[in-house]
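Visitor: Below is one structure. I have some questions about it.
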Amino acid sequence: MSTHATGSASRRIFIDKQSPTAYHALVQTSEAVRAVASEAGLDRTLVELVNLRVSQINGCASCLNVHTRAALRAGETAQRLGVLAAWRDTDLFTPDERAALALAEATTRPGDAALQETAYGTAREVLTDDQISAVIWVAVTINAFNRVSIMSKHPVRPQ
């Protein structure tokens, strides 16, 4: 049964709840990607930085909330999280992190061919093939979760 929303007070369907089989498949993909990232030697904080940067670009409040907490639990600092949106303008991020962030941005903005070429070139200089693949998979996966949360209008509640 579908829910039809009308007017400015429309109610969104939480598509993760409406179609749990599809959402569970996305969660399983995320778990596989997390394992691939770990096997490639990517630090958990780097993975969370990618999750956060992609979520910033997409404007996904729910994913920003979840992954900020995850980054802090993984040992990330409030200072680096606070300047993540302007990572290019600081010296707080390592070359590996910078390459991963650039690659994540290029994955999130696939229409920008110049951005892709520059990001990929930088990544080739400091990351292994397995790490490049893992970063792209992390970005692809969080982009999918961002869209689920944005289209569902998942709320962010005070803690």
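Simple scheme: letters A, B, ... for chains in structure tokens order, numbers from 1 for residues in each chain, numbers from 1 for ligands in the order shown.
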DSSP on the backbone, then: every residue of stretch 48-138 of chain A marked helix (DSSP H, G or I), written as a ChimeraX atom specification.

Guide: /A:48-58,61-73,78-82,84-89,95-108,113-126,129-138

Visitor: I'd like the neighbourhood of A:Leu46 as a list in words, where a residue qualifies if any of its atoms comes within 9 Å (using only C-alpha atoms), though same-chain residues fewer than 5 positions away should be ignored.

Guide: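 Here the answer would be Asn51, Ala71, Glu76, Asp96, Glu97, Ala100 and Leu101 of chain A.
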
Visitor: Within 8 Å of A:Val33, counting only C-alpha atoms, which residues show up once you throw out same-chain ones fewer than 3 positions away? Write them as a list in words, please.

Guide: Thr29, Ser30, Val36, Ala37, Ala134, Trp137, Val138 and Thr141 of chain A

Visitor: Nearest to A:Leu52 among A:Thr122, A:Asn146, A:Ser10, A:Thr90, with distances taken over only C-alpha atoms: which residue is it?

Guide: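 Closest candidate: A:Asn146.
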
Visitor: Check the smallest atom-to-atom distance from each of A:Ala35, A:Ala123, A:Leu92, A:Leu42 to A:Ala106 using only C-alpha atoms, then report the winner.

Guide: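 Looking at the shortest contact to A:Ala106, the residue is A:Ala123.
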
Visitor: Might you pull out every residue within 12 Å of stretch 112-119 of chain A, with only C-alpha atoms counted and same-chain residues fewer than 4 positions away left off, and present them as a compact mmCIF listing (two decimals) with C-alpha atoms, in the first residue's frame?

Guide:
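Saved result, out-v4.txt, follows:
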# COMPACT_ATOMS: atom_id res chain seq x y z
CA ASP A 96 46.59 10.07 2.30
CA GLU A 97 43.57 11.79 3.84
CA ARG A 98 43.75 14.64 1.35
CA ALA A 99 43.89 12.20 -1.55
CA ALA A 100 40.94 10.23 -0.13
CA LEU A 101 38.88 13.39 0.42
CA ALA A 102 39.56 14.62 -3.12
CA LEU A 103 38.63 11.22 -4.54
CA ALA A 104 35.44 11.13 -2.43
CA GLU A 105 34.46 14.58 -3.72
CA ALA A 106 35.09 13.48 -7.31
CA THR A 107 32.97 10.38 -6.77
CA THR A 108 30.17 12.53 -5.35
CA ALA A 123 45.34 9.41 -5.25
CA ARG A 124 47.67 7.39 -7.52
CA GLU A 125 50.63 9.20 -5.97
CA VAL A 126 49.91 8.21 -2.35
CA LEU A 127 47.32 5.42 -2.21
CA ILE A 132 41.74 3.83 -4.15
CA VAL A 135 37.77 4.98 -0.94
CA ILE A 136 35.59 5.03 -4.04
